[in-house]
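Engineer: Handing over query-v8.csv, CSV, C-alpha atoms.
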```
chain,number,residue,atom,x,y,z
A,290,MET,CA,16.7,-5.3,-32.3
A,291,SER,CA,16.3,-4.2,-28.7
A,292,LYS,CA,19.2,-3.1,-26.5
A,293,GLY,CA,19.5,-4.6,-23.1
A,294,PHE,CA,19.5,-2.6,-19.9
A,295,LEU,CA,20.8,-2.5,-16.4
A,296,LEU,CA,18.3,-3.6,-13.7
A,297,VAL,CA,19.3,-2.3,-10.3
A,298,LEU,CA,17.6,-4.3,-7.5
A,299,SER,CA,18.1,-2.5,-4.2
A,300,GLY,CA,16.6,-2.1,-0.8
A,301,PRO,CA,17.5,-2.0,2.9
A,302,SER,CA,19.0,-5.0,4.6
A,303,GLY,CA,16.2,-7.4,5.5
A,304,SER,CA,14.2,-6.6,2.4
A,305,GLY,CA,15.3,-9.9,0.9
A,306,LYS,CA,17.1,-8.7,-2.2
A,307,GLY,CA,19.6,-11.5,-2.1
A,308,THR,CA,17.0,-14.2,-2.1
A,309,VAL,CA,14.8,-12.5,-4.7
A,310,SER,CA,17.8,-12.0,-7.0
A,311,GLU,CA,18.7,-15.7,-6.8
A,312,ALA,CA,15.2,-16.8,-7.5
A,313,LEU,CA,15.0,-14.3,-10.4
A,314,MET,CA,18.3,-15.6,-12.0
A,315,LYS,CA,17.2,-19.2,-11.6
A,316,ARG,CA,14.0,-18.6,-13.7
A,317,ASN,CA,15.5,-16.3,-16.4
A,318,ASP,CA,18.3,-17.4,-18.7
A,319,ASN,CA,18.5,-14.0,-20.4
A,320,ILE,CA,19.6,-12.1,-17.2
A,321,SER,CA,23.3,-11.7,-16.5
A,322,PHE,CA,24.4,-11.1,-13.0
A,323,SER,CA,26.7,-8.1,-12.8
A,324,THR,CA,30.3,-9.2,-11.8
A,325,SER,CA,32.0,-6.9,-9.3
A,326,VAL,CA,35.6,-6.0,-9.2
A,327,THR,CA,37.3,-6.4,-5.8
A,328,THR,CA,40.7,-6.0,-4.1
A,329,ARG,CA,40.1,-8.8,-1.7
A,330,MET,CA,42.0,-12.1,-2.2
A,331,PRO,CA,40.1,-14.9,-4.0
A,332,ARG,CA,38.8,-17.6,-1.8
A,333,PRO,CA,39.5,-21.3,-2.7
A,334,GLY,CA,37.4,-22.2,-5.7
A,335,GLU,CA,36.6,-18.6,-6.8
A,336,VAL,CA,37.3,-17.9,-10.4
A,337,ASN,CA,38.5,-14.5,-11.7
A,338,GLY,CA,35.9,-13.0,-14.1
A,339,GLU,CA,33.2,-15.3,-12.8
A,340,ASN,CA,32.7,-14.7,-9.0
A,341,TYR,CA,34.7,-11.4,-9.1
A,342,PHE,CA,37.2,-9.6,-11.1
A,343,PHE,CA,40.2,-9.7,-8.7
A,344,THR,CA,42.5,-6.7,-8.8
A,345,SER,CA,45.1,-4.8,-6.9
A,346,ILE,CA,44.5,-1.7,-4.8
A,347,ASP,CA,46.5,0.3,-7.2
A,348,GLU,CA,44.6,-0.9,-10.2
A,349,PHE,CA,41.3,-0.3,-8.4
A,350,GLU,CA,42.2,3.2,-7.5
A,351,THR,CA,43.2,3.9,-11.2
A,352,MET,CA,39.7,2.6,-12.2
A,353,VAL,CA,38.1,5.0,-9.8
A,354,GLU,CA,40.2,7.9,-11.1
A,355,GLN,CA,39.4,7.1,-14.7
A,356,ASP,CA,35.7,6.9,-13.9
A,357,GLU,CA,35.5,3.2,-14.9
A,358,LEU,CA,33.1,2.2,-12.1
A,359,LEU,CA,29.3,2.7,-11.8
A,360,GLU,CA,29.7,2.6,-8.0
A,361,TYR,CA,32.2,1.5,-5.4
A,362,ALA,CA,32.6,1.1,-1.7
A,363,PHE,CA,35.4,0.4,0.8
A,364,VAL,CA,34.2,-2.4,3.1
A,365,HIS,CA,36.4,-3.4,6.1
A,366,THR,CA,39.8,-3.5,4.3
A,367,ASN,CA,38.7,-4.1,0.7
A,368,TYR,CA,37.3,-2.2,-2.3
A,369,TYR,CA,34.3,-3.5,-4.2
A,370,GLY,CA,32.9,-1.9,-7.3
A,371,THR,CA,30.8,-2.4,-10.5
A,372,PRO,CA,32.8,-2.0,-13.7
A,373,LYS,CA,31.1,0.0,-16.4
A,374,LYS,CA,32.8,-2.1,-19.2
A,375,PHE,CA,31.2,-5.4,-18.2
A,376,VAL,CA,27.8,-3.9,-17.8
A,377,PHE,CA,27.8,-1.9,-21.0
A,378,ASP,CA,29.2,-4.8,-23.1
A,379,GLU,CA,26.4,-7.0,-21.9
A,380,ILE,CA,23.8,-4.3,-22.6
A,381,GLU,CA,25.1,-3.9,-26.1
A,382,LYS,CA,24.7,-7.6,-26.7
A,383,GLY,CA,21.0,-7.2,-25.7
A,384,GLU,CA,21.4,-8.7,-22.3
A,385,ILE,CA,19.6,-7.6,-19.1
A,386,VAL,CA,22.2,-7.1,-16.4
A,387,LEU,CA,21.1,-7.5,-12.8
A,388,LEU,CA,22.9,-5.5,-10.1
A,389,GLU,CA,21.8,-6.4,-6.6
A,390,ILE,CA,23.0,-3.6,-4.3
A,391,ASP,CA,22.4,-1.7,-1.2
A,392,VAL,CA,20.7,1.7,-1.3
A,393,GLN,CA,23.9,3.8,-1.0
A,394,GLY,CA,25.3,1.9,-4.0
A,395,ALA,CA,22.1,2.3,-6.1
A,396,LEU,CA,22.2,6.1,-5.5
A,397,GLN,CA,25.8,6.2,-6.8
A,398,VAL,CA,24.7,4.3,-9.9
A,399,LYS,CA,21.8,6.7,-10.4
A,400,GLU,CA,24.2,9.7,-10.4
A,401,ARG,CA,26.4,8.1,-13.1
A,402,TYR,CA,23.9,6.1,-15.2
A,403,LYS,CA,20.3,7.2,-14.8
A,404,GLU,CA,19.3,5.0,-17.9
A,405,ALA,CA,19.3,2.0,-15.6
A,406,VAL,CA,15.9,0.7,-14.3
A,407,PHE,CA,15.8,1.1,-10.5
A,408,ILE,CA,13.7,-1.1,-8.4
A,409,PHE,CA,13.3,-0.7,-4.7
A,410,LEU,CA,12.5,-3.9,-2.8
A,411,LEU,CA,10.3,-3.2,0.2
A,412,PRO,CA,9.6,-5.5,3.2
A,413,PRO,CA,5.8,-5.9,3.7
A,414,THR,CA,6.0,-4.2,7.0
A,415,MET,CA,8.7,-2.7,9.3
A,416,ALA,CA,7.8,-5.4,11.9
A,417,GLU,CA,8.5,-8.1,9.3
A,418,LEU,CA,11.8,-6.4,8.4
A,419,LYS,CA,12.8,-6.5,12.0
A,420,ASN,CA,11.9,-10.2,12.3
A,421,ARG,CA,14.0,-11.0,9.3
A,422,LEU,CA,17.0,-9.1,10.8
A,423,ILE,CA,16.6,-11.1,14.0
A,424,LEU,CA,16.1,-14.4,12.3
A,425,ARG,CA,19.5,-14.1,10.6
A,426,ASP,CA,20.9,-14.8,14.0
A,427,THR,CA,24.4,-13.7,12.9
A,428,GLU,CA,24.4,-10.3,14.6
A,429,THR,CA,24.3,-8.8,18.0
A,430,GLU,CA,21.2,-6.9,19.2
A,431,GLU,CA,23.0,-3.6,18.7
A,432,GLU,CA,23.9,-4.5,15.1
A,433,ILE,CA,20.3,-5.5,14.5
A,434,ASN,CA,19.1,-2.2,15.9
A,435,THR,CA,21.6,-0.2,13.8
A,436,ARG,CA,20.5,-2.1,10.6
A,437,PHE,CA,16.8,-1.5,11.5
A,438,LYS,CA,17.4,2.3,12.0
A,439,ASN,CA,19.3,2.4,8.7
A,440,ALA,CA,16.5,0.6,6.9
A,441,PHE,CA,14.1,3.1,8.3
A,442,LYS,CA,16.2,6.0,7.0
A,443,GLU,CA,16.8,4.4,3.6
A,444,LEU,CA,13.0,4.2,2.9
A,445,ASP,CA,13.3,8.0,2.4
A,446,PHE,CA,15.2,7.3,-0.9
A,447,VAL,CA,12.4,5.3,-2.6
A,448,GLY,CA,11.5,8.4,-4.5
A,449,GLU,CA,14.8,8.1,-6.4
A,450,TYR,CA,13.7,4.8,-7.8
A,451,ASP,CA,11.5,4.0,-10.9
A,452,TYR,CA,9.6,1.1,-9.4
A,453,PHE,CA,8.9,-0.5,-6.0
A,454,VAL,CA,8.2,-4.2,-5.3
A,455,VAL,CA,6.8,-5.4,-2.0
A,456,ASN,CA,8.6,-8.6,-1.0
A,457,ASN,CA,5.7,-10.3,0.9
A,458,LYS,CA,6.5,-13.6,-0.9
A,459,VAL,CA,9.5,-14.3,-3.0
A,460,GLU,CA,7.5,-15.7,-5.9
A,461,ASN,CA,5.3,-12.6,-6.0
A,462,ALA,CA,8.3,-10.3,-5.9
A,463,VAL,CA,10.0,-12.3,-8.7
A,464,HIS,CA,6.8,-12.2,-10.8
A,465,ASN,CA,6.5,-8.4,-10.4
A,466,ILE,CA,10.1,-7.9,-11.4
A,467,GLU,CA,9.5,-10.1,-14.4
A,468,THR,CA,6.5,-7.9,-15.3
A,469,ILE,CA,8.7,-4.8,-15.1
A,470,ILE,CA,11.3,-6.4,-17.3
A,471,GLU,CA,8.7,-7.3,-20.0
A,472,ALA,CA,7.2,-3.8,-19.9
A,473,GLU,CA,10.7,-2.2,-20.1
A,474,LYS,CA,11.4,-4.2,-23.3
A,475,LEU,CA,8.5,-2.5,-24.9
A,476,ARG,CA,9.8,1.0,-24.2
A,477,VAL,CA,10.2,3.0,-27.3
A,478,LYS,CA,13.5,4.5,-26.1
A,479,ARG,CA,15.2,1.0,-25.9
A,480,HIS,CA,14.8,0.6,-29.7
A,481,LYS,CA,16.9,2.4,-32.2
A,482,ASP,CA,14.5,2.7,-35.1
A,483,ILE,CA,11.0,1.2,-34.8
A,484,LYS,CA,9.8,2.6,-38.1
A,485,ALA,CA,12.7,0.8,-39.9
A,486,GLU,CA,11.9,-2.4,-38.0
A,487,VAL,CA,8.3,-2.4,-39.2
A,488,MET,CA,9.3,-1.6,-42.7
A,489,MET,CA,12.2,-4.0,-43.0
A,490,GLU,CA,10.1,-7.0,-42.2
A,491,LYS,CA,9.5,-8.9,-45.4
A,492,GLY,CA,10.6,-5.7,-47.2
A,493,GLU,CA,7.1,-5.2,-48.7
A,494,ILE,CA,6.9,-1.5,-48.2
A,495,GLU,CA,6.4,0.4,-51.4
B,175,MET,CA,-3.3,3.6,-2.2
B,176,SER,CA,-2.3,4.0,-5.8
B,177,LYS,CA,-3.6,6.6,-8.1
B,178,GLY,CA,-5.0,5.6,-11.5
B,179,PHE,CA,-3.7,6.8,-14.8
B,180,LEU,CA,-4.7,7.7,-18.3
B,181,LEU,CA,-3.7,5.0,-20.9
B,182,VAL,CA,-3.5,6.5,-24.4
B,183,LEU,CA,-3.8,3.7,-27.0
B,184,SER,CA,-3.0,5.1,-30.4
B,185,GLY,CA,-1.7,4.2,-33.8
B,186,PRO,CA,-2.4,4.7,-37.5
B,187,SER,CA,-5.6,3.5,-39.0
B,188,GLY,CA,-5.2,-0.2,-39.8
B,189,SER,CA,-3.1,-0.8,-36.7
B,190,GLY,CA,-6.2,-2.4,-35.1
B,191,LYS,CA,-6.6,-0.1,-32.1
B,192,GLY,CA,-10.4,-0.4,-32.0
B,193,THR,CA,-10.3,-4.2,-31.9
B,194,VAL,CA,-7.5,-4.3,-29.3
B,195,SER,CA,-9.3,-1.7,-27.1
B,196,GLU,CA,-12.5,-3.7,-27.2
B,197,ALA,CA,-10.6,-7.0,-26.3
B,198,LEU,CA,-8.7,-5.2,-23.5
B,199,MET,CA,-11.9,-3.8,-22.0
B,200,LYS,CA,-13.7,-7.1,-22.1
B,201,ARG,CA,-10.9,-8.8,-20.0
B,202,ASN,CA,-10.3,-6.0,-17.5
B,203,ASP,CA,-13.0,-4.7,-15.2
B,204,ASN,CA,-10.8,-2.1,-13.7
B,205,ILE,CA,-10.4,-0.1,-16.9
B,206,SER,CA,-12.8,2.7,-17.7
B,207,PHE,CA,-13.3,3.8,-21.3
B,208,SER,CA,-12.8,7.6,-21.7
B,209,THR,CA,-16.2,9.2,-22.6
B,210,SER,CA,-16.0,11.9,-25.3
B,211,VAL,CA,-17.9,15.0,-25.5
B,212,THR,CA,-19.5,15.8,-28.9
B,213,THR,CA,-21.7,18.3,-30.6
B,214,ARG,CA,-23.3,15.7,-32.9
B,215,MET,CA,-26.9,14.7,-32.3
B,216,PRO,CA,-27.5,11.5,-30.2
B,217,ARG,CA,-28.5,8.5,-32.3
B,218,PRO,CA,-31.5,6.4,-31.2
B,219,GLY,CA,-30.6,4.5,-28.1
B,220,GLU,CA,-27.5,6.5,-27.2
B,221,VAL,CA,-27.4,7.7,-23.7
B,222,ASN,CA,-25.9,11.0,-22.5
B,223,GLY,CA,-22.9,10.4,-20.2
B,224,GLU,CA,-22.5,6.8,-21.4
B,225,ASN,CA,-21.9,6.8,-25.1
B,226,TYR,CA,-21.0,10.4,-25.2
B,227,PHE,CA,-21.5,13.7,-23.4
B,228,PHE,CA,-23.8,15.5,-25.8
B,229,THR,CA,-23.4,19.2,-25.9
B,230,SER,CA,-24.1,22.3,-28.1
B,231,ILE,CA,-21.5,24.0,-30.3
B,232,ASP,CA,-21.5,27.0,-28.0
B,233,GLU,CA,-20.9,25.0,-24.9
B,234,PHE,CA,-18.1,23.0,-26.7
B,235,GLU,CA,-16.3,26.1,-27.8
B,236,THR,CA,-16.5,27.4,-24.2
B,237,MET,CA,-14.8,24.2,-23.1
B,238,VAL,CA,-12.1,24.7,-25.6
B,239,GLU,CA,-11.5,28.3,-24.5
B,240,GLN,CA,-11.4,27.3,-20.8
B,241,ASP,CA,-8.9,24.6,-21.5
B,242,GLU,CA,-11.3,21.8,-20.3
B,243,LEU,CA,-10.3,19.3,-23.0
B,244,LEU,CA,-7.3,17.0,-23.3
B,245,GLU,CA,-7.7,17.1,-27.1
B,246,TYR,CA,-10.4,17.8,-29.6
B,247,ALA,CA,-11.1,17.7,-33.3
B,248,PHE,CA,-13.6,18.9,-35.8
B,249,VAL,CA,-14.8,16.0,-38.0
B,250,HIS,CA,-17.1,16.7,-40.9
B,251,THR,CA,-19.6,19.1,-39.2
B,252,ASN,CA,-19.1,18.1,-35.6
B,253,TYR,CA,-16.7,18.6,-32.7
B,254,TYR,CA,-15.4,15.7,-30.7
B,255,GLY,CA,-13.2,16.0,-27.6
B,256,THR,CA,-11.9,14.4,-24.4
B,257,PRO,CA,-13.0,16.2,-21.2
B,258,LYS,CA,-10.4,16.6,-18.5
B,259,LYS,CA,-12.9,16.4,-15.7
B,260,PHE,CA,-14.1,12.9,-16.5
B,261,VAL,CA,-10.6,11.5,-16.9
B,262,PHE,CA,-9.1,13.2,-13.8
B,263,ASP,CA,-12.1,12.2,-11.6
B,264,GLU,CA,-11.6,8.5,-12.6
B,265,ILE,CA,-7.9,8.7,-12.0
B,266,GLU,CA,-8.4,10.2,-8.6
B,267,LYS,CA,-10.7,7.2,-7.8
B,268,GLY,CA,-7.8,4.9,-8.7
B,269,GLU,CA,-9.2,3.9,-12.1
B,270,ILE,CA,-7.2,3.3,-15.3
B,271,VAL,CA,-8.8,5.3,-18.1
B,272,LEU,CA,-8.4,4.0,-21.6
B,273,LEU,CA,-8.4,6.6,-24.4
B,274,GLU,CA,-8.3,5.0,-27.9
B,275,ILE,CA,-7.4,7.8,-30.3
B,276,ASP,CA,-5.6,8.6,-33.6
B,277,VAL,CA,-2.0,9.8,-33.6
B,278,GLN,CA,-2.9,13.5,-34.0
B,279,GLY,CA,-5.2,13.3,-30.9
B,280,ALA,CA,-2.5,11.5,-28.9
B,281,LEU,CA,0.0,14.2,-29.7
B,282,GLN,CA,-2.5,16.8,-28.5
B,283,VAL,CA,-2.9,14.9,-25.2
B,284,LYS,CA,0.8,14.7,-24.8
B,285,GLU,CA,1.2,18.4,-25.0
B,286,ARG,CA,-1.4,19.0,-22.3
B,287,TYR,CA,-0.9,16.0,-20.0
B,288,LYS,CA,2.4,14.2,-20.4
B,289,GLU,CA,1.7,12.1,-17.2
B,290,ALA,CA,-0.4,9.8,-19.3
B,291,VAL,CA,1.0,6.5,-20.5
B,292,PHE,CA,1.3,6.5,-24.3
B,293,ILE,CA,1.3,3.3,-26.2
B,294,PHE,CA,1.8,3.2,-30.0
B,295,LEU,CA,0.1,0.2,-31.6
B,296,LEU,CA,2.0,-1.0,-34.7
B,297,PRO,CA,0.9,-3.2,-37.5
B,298,PRO,CA,3.3,-6.2,-37.9
B,299,THR,CA,4.4,-5.0,-41.3
B,300,MET,CA,3.3,-2.2,-43.7
B,301,ALA,CA,2.0,-4.8,-46.1
B,302,GLU,CA,-0.3,-6.2,-43.4
B,303,LEU,CA,-1.5,-2.7,-42.7
B,304,LYS,CA,-2.4,-2.2,-46.3
B,305,ASN,CA,-4.2,-5.5,-46.3
B,306,ARG,CA,-6.3,-4.4,-43.3
B,307,LEU,CA,-7.2,-1.1,-45.0
B,308,ILE,CA,-8.3,-3.0,-48.1
B,309,LEU,CA,-10.2,-5.6,-46.2
B,310,ARG,CA,-12.4,-3.0,-44.5
B,311,ASP,CA,-14.0,-2.6,-47.9
B,312,THR,CA,-15.6,0.6,-46.9
B,313,GLU,CA,-13.4,3.0,-48.8
B,314,THR,CA,-12.4,3.8,-52.3
B,315,GLU,CA,-8.9,2.9,-53.6
B,316,GLU,CA,-8.0,6.6,-53.3
B,317,GLU,CA,-9.1,6.8,-49.7
B,318,ILE,CA,-7.1,3.6,-48.9
B,319,ASN,CA,-4.0,5.1,-50.5
B,320,THR,CA,-4.4,8.3,-48.5
B,321,ARG,CA,-4.8,6.4,-45.3
B,322,PHE,CA,-1.7,4.2,-46.1
B,323,LYS,CA,0.4,7.3,-46.8
B,324,ASN,CA,-0.8,8.9,-43.6
B,325,ALA,CA,0.0,5.7,-41.6
B,326,PHE,CA,3.5,5.8,-43.1
B,327,LYS,CA,4.0,9.4,-42.0
B,328,GLU,CA,2.5,8.8,-38.6
B,329,LEU,CA,5.1,6.1,-37.8
B,330,ASP,CA,7.6,9.0,-37.4
B,331,PHE,CA,5.8,10.0,-34.2
B,332,VAL,CA,6.5,6.7,-32.4
B,333,GLY,CA,9.4,8.5,-30.6
B,334,GLU,CA,6.8,10.7,-28.7
B,335,TYR,CA,5.3,7.6,-27.1
B,336,ASP,CA,6.4,5.6,-24.0
B,337,TYR,CA,5.8,2.1,-25.3
B,338,PHE,CA,5.1,0.3,-28.6
B,339,VAL,CA,3.1,-2.8,-29.0
B,340,VAL,CA,3.1,-4.8,-32.3
B,341,ASN,CA,-0.4,-6.0,-33.1
B,342,ASN,CA,0.4,-9.3,-34.8
B,343,LYS,CA,-2.3,-11.1,-32.9
B,344,VAL,CA,-5.0,-9.4,-30.8
B,345,GLU,CA,-4.4,-11.6,-27.8
B,346,ASN,CA,-0.6,-10.9,-27.9
B,347,ALA,CA,-1.2,-7.2,-28.1
B,348,VAL,CA,-3.7,-7.3,-25.2
B,349,HIS,CA,-1.3,-9.3,-23.1
B,350,ASN,CA,1.5,-6.8,-23.7
B,351,ILE,CA,-0.8,-3.9,-22.8
B,352,GLU,CA,-1.8,-5.7,-19.6
B,353,THR,CA,1.9,-6.2,-18.8
B,354,ILE,CA,2.5,-2.5,-19.3
B,355,ILE,CA,-0.4,-1.7,-17.0
B,356,GLU,CA,0.8,-4.0,-14.3
B,357,ALA,CA,4.3,-2.5,-14.4
B,358,GLU,CA,3.0,1.1,-14.4
B,359,LYS,CA,1.1,0.3,-11.2
B,360,LEU,CA,4.4,-0.5,-9.6
B,361,ARG,CA,5.9,3.0,-10.5
B,362,VAL,CA,7.0,4.9,-7.5
B,363,LYS,CA,5.6,8.2,-8.9
B,364,ARG,CA,2.1,6.8,-8.9
B,365,HIS,CA,2.1,6.4,-5.1
B,366,LYS,CA,1.9,9.3,-2.7
B,367,ASP,CA,3.9,8.1,0.2
B,368,ILE,CA,5.3,4.6,0.0
B,369,LYS,CA,7.2,4.9,3.3
B,370,ALA,CA,4.0,5.7,5.1
B,371,GLU,CA,2.3,2.8,3.4
B,372,VAL,CA,4.9,0.3,4.6
B,373,MET,CA,4.8,1.8,8.1
B,374,MET,CA,1.1,2.0,8.4
B,375,GLU,CA,0.4,-1.6,7.8
B,376,LYS,CA,-0.4,-3.2,11.1
B,377,GLY,CA,1.0,0.0,12.7
B,378,GLU,CA,3.9,-2.0,14.3
B,379,ILE,CA,6.6,0.5,13.6
B,380,GLU,CA,8.4,1.7,16.8
```
Please, can you express the file's structure as structure tokens?
Structural biologist:
Amino acid sequence: MSKGFLLVLSGPSGSGKGTVSEALMKRNDNISFSTSVTTRMPRPGEVNGENYFFTSIDEFETMVEQDELLEYAFVHTNYYGTPKKFVFDEIEKGEIVLLEIDVQGALQVKERYKEAVFIFLLPPTMAELKNRLILRDTETEEEINTRFKNAFKELDFVGEYDYFVVNNKVENAVHNIETIIEAEKLRVKRHKDIKAEVMMEKGEIE
Amino acid sequence: MSKGFLLVLSGPSGSGKGTVSEALMKRNDNISFSTSVTTRMPRPGEVNGENYFFTSIDEFETMVEQDELLEYAFVHTNYYGTPKKFVFDEIEKGEIVLLEIDVQGALQVKERYKEAVFIFLLPPTMAELKNRLILRDTETEEEINTRFKNAFKELDFVGEYDYFVVNNKVENAVHNIETIIEAEKLRVKRHKDIKAEVMMEKGEIE
């Protein structure tokens, strides 16, 4: 009876949104992961429509022009975006669609589709966030500092979100997100006609 | 760090809001029950400021004029109302204040204080609602029919509420209300300055 919804899980780099998303998906069969569209070439083993929707630059730019994307970005030499059609089809089926995305992307989604549920994932402290950026060990000190400064600035956008979840432990963060999902399912606005639902059951209304 | 909020639990008579409120209070120490103000005389054993705030008709009417009530009603020969001061003082302390109230009262609260969280308690079916009205065994058949018709009409107002909870079993209803409370605590708008909170912790921000 209930429609699904888009769950946007977002936060600065180092907040742990990738790890939390993965743990959340593992524990919940009824959540679909939003599939992005990209112009980059498929890597060996990647399946079109599963890992990504692979497309040409021309096709991608047409999608942008025709307002078919919830958000998009140009990273290095490739486009990445979130197709509306995939998300809205899943929602219509009653699915919860998870979109894990950076803060800039989430703000784009909010402009185009404010009906989504926006969760900001926070590091427990800024010191812990810096630790996590250092522990990745894949970036130079300069890159780490840039990411840290960006994270600091991005905290200003938490006011644009519906909920915040502190990622002190992955299990706690996942539990809090599950609580938000359960509560959102009980929202009146996600049901078409509650009176009809109550009256239909057993059809015993006089 | 988080502010409290007013939780308005409402529904037609026979939805079971009294029983659910009692079970919810028993399991949650951090919920305060909203204390009403009334012009009726205290019964033996009733304590002013605990069971009710007892007041005179003059004083009550002054409260109405000065907009000091979230809602009020005149029942038989007495006034009953919900004082803003009590509710807002508790919220400021971080408490969750439970107001169990009929649909007309909830709609009055919504007009004056839409920041509250509004939950509509539903009977599982209309047949079950009628059963419950009959089982009370305190009313004539005519009174039961009137209440049933009112309940039927009141379902039209579910769209004014934030959440709905089906009271098929008291434990399930209480669990769902607890889930809503937990999620509402994670709302960005209930926190003054999340960025400051993240940065203050351990004060390790550079």
Engineer: Ranking B:Lys366, B:Lys284, B:Arg217, B:Arg201 by minimum distance to chain A and counting only C-alpha atoms, which one comes first?
Structural biologist: B:Lys366
Engineer: Compile the contact shell of segment 379-393 of chain A as a PDB file with C-alpha atoms, in the frame of the given file: residues with an atom at most 7 Å away, counting only C-alpha atoms, same-chain residues fewer than 2 positions apart removed.
Structural biologist:
```pdb
ATOM      1  CA  SER A 291      16.300  -4.200 -28.700  1.00  0.00           C
ATOM      2  CA  LYS A 292      19.200  -3.100 -26.500  1.00  0.00           C
ATOM      3  CA  GLY A 293      19.500  -4.600 -23.100  1.00  0.00           C
ATOM      4  CA  PHE A 294      19.500  -2.600 -19.900  1.00  0.00           C
ATOM      5  CA  LEU A 295      20.800  -2.500 -16.400  1.00  0.00           C
ATOM      6  CA  LEU A 296      18.300  -3.600 -13.700  1.00  0.00           C
ATOM      7  CA  VAL A 297      19.300  -2.300 -10.300  1.00  0.00           C
ATOM      8  CA  LEU A 298      17.600  -4.300  -7.500  1.00  0.00           C
ATOM      9  CA  SER A 299      18.100  -2.500  -4.200  1.00  0.00           C
ATOM     10  CA  GLY A 300      16.600  -2.100  -0.800  1.00  0.00           C
ATOM     11  CA  PRO A 301      17.500  -2.000   2.900  1.00  0.00           C
ATOM     12  CA  LYS A 306      17.100  -8.700  -2.200  1.00  0.00           C
ATOM     13  CA  SER A 310      17.800 -12.000  -7.000  1.00  0.00           C
ATOM     14  CA  ASN A 319      18.500 -14.000 -20.400  1.00  0.00           C
ATOM     15  CA  ILE A 320      19.600 -12.100 -17.200  1.00  0.00           C
ATOM     16  CA  SER A 321      23.300 -11.700 -16.500  1.00  0.00           C
ATOM     17  CA  PHE A 322      24.400 -11.100 -13.000  1.00  0.00           C
ATOM     18  CA  SER A 323      26.700  -8.100 -12.800  1.00  0.00           C
ATOM     19  CA  PHE A 375      31.200  -5.400 -18.200  1.00  0.00           C
ATOM     20  CA  VAL A 376      27.800  -3.900 -17.800  1.00  0.00           C
ATOM     21  CA  PHE A 377      27.800  -1.900 -21.000  1.00  0.00           C
ATOM     22  CA  ALA A 395      22.100   2.300  -6.100  1.00  0.00           C
ATOM     23  CA  LEU A 396      22.200   6.100  -5.500  1.00  0.00           C
ATOM     24  CA  GLN A 397      25.800   6.200  -6.800  1.00  0.00           C
ATOM     25  CA  GLU A 443      16.800   4.400   3.600  1.00  0.00           C
TER      26      GLU A 443
END
```
Engineer: Return the neighbours of chain A among the residues of chain B, cut-off 9 Å, counting all atoms listed in the file, as a PyMOL selection string.
Structural biologist: chain B and resi 293-294+296-301+326+329-330+332-340+350-351+353-363+367-369+371-380
Engineer: Enter the distance from atom CA of Ser230 of chain B to atom CA of Lys288 of chain B, in Å, rounded to one decimal.
Structural biologist: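 Separating atom CA of Ser230 of chain B from atom CA of Lys288 of chain B is a distance of 28.8 Å.
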Engineer: Which residues, written as a list of chain:residue names, have at least one atom at most 10 Å from Glu432 of chain A, with all atoms listed in the file counted and residues fewer than 6 positions away on the same chain left out?
Structural biologist: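 Once the nearby chain positions are removed, what remains is A:Leu422, A:Ile423, A:Lys438.
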Engineer: So how many Å separate atom CA of Pro333 of chain A and atom CA of Gly370 of chain A, to one decimal?
Structural biologist: 21.0 Å
Engineer: For atom CA of Asn456 of chain A and atom CA of Arg421 of chain A, quote the distance in Å rounded to one decimal.
Structural biologist: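 Those two atoms sit 11.9 Å apart.
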Engineer: Name the residues in contact with segment 326-331 of chain A at a cut-off of 7 Å, using only C-alpha atoms, excluding same-chain residues fewer than 2 positions from it; report them as a PyMOL selection string.
Structural biologist: chain A and resi 324+333+335+341-346+367-372
Engineer: N, CA, C and O atoms are needed for segment 352-357 of chain A; please write them out as a short mmCIF file (atom, residue, chain, number, x, y, z; two decimals), in the coordinates of the input.
Structural biologist:
```
data_model
loop_
_atom_site.label_atom_id
_atom_site.label_comp_id
_atom_site.auth_asym_id
_atom_site.auth_seq_id
_atom_site.Cartn_x
_atom_site.Cartn_y
_atom_site.Cartn_z
N MET A 352 41.07 2.70 -11.64
CA MET A 352 39.70 2.60 -12.20
C MET A 352 38.82 3.71 -11.67
O MET A 352 38.03 4.30 -12.40
N VAL A 353 38.92 3.97 -10.37
CA VAL A 353 38.10 5.00 -9.80
C VAL A 353 38.46 6.39 -10.41
O VAL A 353 37.56 7.12 -10.85
N GLU A 354 39.76 6.67 -10.50
CA GLU A 354 40.20 7.90 -11.10
C GLU A 354 39.73 8.11 -12.53
O GLU A 354 39.37 9.20 -12.96
N GLN A 355 39.75 6.99 -13.27
CA GLN A 355 39.40 7.10 -14.70
C GLN A 355 37.90 6.88 -14.93
O GLN A 355 37.47 6.66 -16.07
N ASP A 356 37.13 6.94 -13.85
CA ASP A 356 35.70 6.90 -13.90
C ASP A 356 35.18 5.61 -14.66
O ASP A 356 34.28 5.64 -15.48
N GLU A 357 35.80 4.48 -14.29
CA GLU A 357 35.50 3.20 -14.90
C GLU A 357 34.46 2.39 -14.11
O GLU A 357 34.14 1.26 -14.47
#
```
